[in-house]
Each structure stands twice: as structure tokens, then as C-alpha cells.
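First the structure, in the form of C-alpha cells, and then the observations on it.
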Amino acid sequence: MKKKKAMNKDLMEELADEMAKEIQKEIDDEIMCGMLKGMGWHEVKLWPMVHETSESIDAWTKEQIKGKMWTSGLVWMFEDDKEANWFKLRWLA
């Protein structure tokens with residue numbers, strides 16, 4: 001019985017650690033977005049979610065985007081407003 005309780009405690013601690021890491025990443029991403037916006041970068045949110053795969057989007061951005069870019073999940077940040085607009089036209093139209 002003690003062994004089962006110990007396993008449950010270990011599992012709970014592992015889940016808590018994973019949740020804490022996920023929350024920390026969300027906080028870090030929100031801070032990064034705010035900093036980039038403050039520097040004049042342009043935000044694009046892929047919402048509603050597009051049907052293409054992330055690999056397709058990554059390949060397109062690698063080929064088409066020449067300026068600086070940052071992404072996390074469905075949020076994309078572009079230094080160049082023209083590239084942000086091209087991205088919108090391609091993936092949100």
C-alpha cells in the first residue's frame with residue numbers, strides 16, 4: 001500500500017513539474033511578444049487554425065521571409081510589416 005502511495009506522489013510531482021514548465025513557457029512567450037511589439041514588431045495570430053501542417057508553414061517562412069521573425073504556437077512576430085502582411089495573405093486568406 002505504501003508503495004502505491006509513493007508512486008502516486010511521484011506521479012503528482014511529475015505532473016506538477018510539467019505544468020509549471022508549461023506555465024513558465026507561456027509567461028516567457030508573453031513577455032517576448034510584449035518586448036517585440038514594443039520594438040515595433042508586428043504580431044500575426046493564426047486563428048482560426050489553418051489546415052496546413054506546421055512543416056508547410058515552416059518551409060514557406062524559411063523560403064519567403066528574409067527578415068527577423070519569432071514564433072511560438074499560433075503566434076508569429078515579424079520585424080518587417082510587409083513580411084507580416086505577406087504571411088497574413090498566405091496563411092489567413
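Chain identifiers are assigned as A, B, and so on, following the order in which chains appear in the C-alpha cells; residues are numbered from 1 within each chain, and ligands are numbered from 1 in order of appearance.
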
Members of chain A assigned strand (DSSP E or B) by DSSP, as a list in words: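 Secondary structure check on chain A, strand (DSSP E or B): His42, Glu43, Val44, Lys45, Met69, Trp70, Thr71, Ser72, Val75, Trp76, Met77 and Phe78 of chain A.
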
Take the selection from the previous step and output its residues with N, CA and C atoms, as a CSV table (one decimal), in the first residue's frame.
```
chain,number,residue,atom,x,y,z
A,42,HIS,N,5.6,43.2,-35.6
A,42,HIS,CA,4.2,43.0,-36.0
A,42,HIS,C,3.7,41.6,-35.6
A,43,GLU,N,2.6,41.5,-34.9
A,43,GLU,CA,2.1,40.2,-34.5
A,43,GLU,C,1.0,39.7,-35.5
A,44,VAL,N,1.1,38.4,-35.7
A,44,VAL,CA,0.1,37.7,-36.5
A,44,VAL,C,-0.3,36.5,-35.7
A,45,LYS,N,-1.6,36.3,-35.5
A,45,LYS,CA,-2.1,35.1,-34.8
A,45,LYS,C,-2.8,34.2,-35.9
A,69,MET,N,12.2,37.1,-37.5
A,69,MET,CA,10.9,36.5,-37.2
A,69,MET,C,11.0,35.7,-35.9
A,70,TRP,N,9.9,35.6,-35.2
A,70,TRP,CA,9.9,34.8,-34.0
A,70,TRP,C,8.5,34.2,-33.9
A,71,THR,N,8.4,33.0,-33.5
A,71,THR,CA,7.1,32.3,-33.4
A,71,THR,C,7.0,31.4,-32.1
A,72,SER,N,5.8,31.3,-31.7
A,72,SER,CA,5.5,30.3,-30.6
A,72,SER,C,4.1,29.9,-30.7
A,75,VAL,N,1.3,32.1,-32.6
A,75,VAL,CA,1.7,33.5,-32.6
A,75,VAL,C,3.0,33.6,-33.4
A,76,TRP,N,2.9,34.6,-34.4
A,76,TRP,CA,4.1,34.8,-35.2
A,76,TRP,C,4.4,36.3,-35.1
A,77,MET,N,5.7,36.7,-34.9
A,77,MET,CA,6.1,38.1,-34.8
A,77,MET,C,7.1,38.3,-36.0
A,78,PHE,N,6.9,39.5,-36.6
A,78,PHE,CA,7.8,39.8,-37.8
A,78,PHE,C,8.3,41.2,-37.5
```

Nearest candidate to Trp91 in chain A (options A:Asp28, A:Gly73, A:Val50, A:Leu15; using only C-alpha atoms): A:Val50

Length of the CA of Glu55 in chain A to CA of Leu89 in chain A vector [Å]: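 That distance, rounded to one decimal, is 18.1 Å.
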
d(CA of Ser54 in chain A, CA of Lys66 in chain A) in Å: 18.6 Å

Contacts of Trp60 in chain A at 12 Å (only C-alpha atoms; same-chain gap of 3+ positions) as an NGL selection string: :A and (52-57 or 63-66 or 83 or 86-87 or 90-91)

All helix (DSSP H, G or I) residues (DSSP, backbone) inside chain A, as a VMD selection string: chain A and resid 2 to 38 54 to 64 81 to 91

Atomic distance CA of Ala84 in chain A - CA of Ile31 in chain A, expressed in Å with one decimal: 19.8 Å

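In this comparison, which uses only C-alpha atoms, the residue of A:Ala59, A:Lys68, A:Met49, A:Met12 approaching Leu36 in chain A most closely is A:Lys68.
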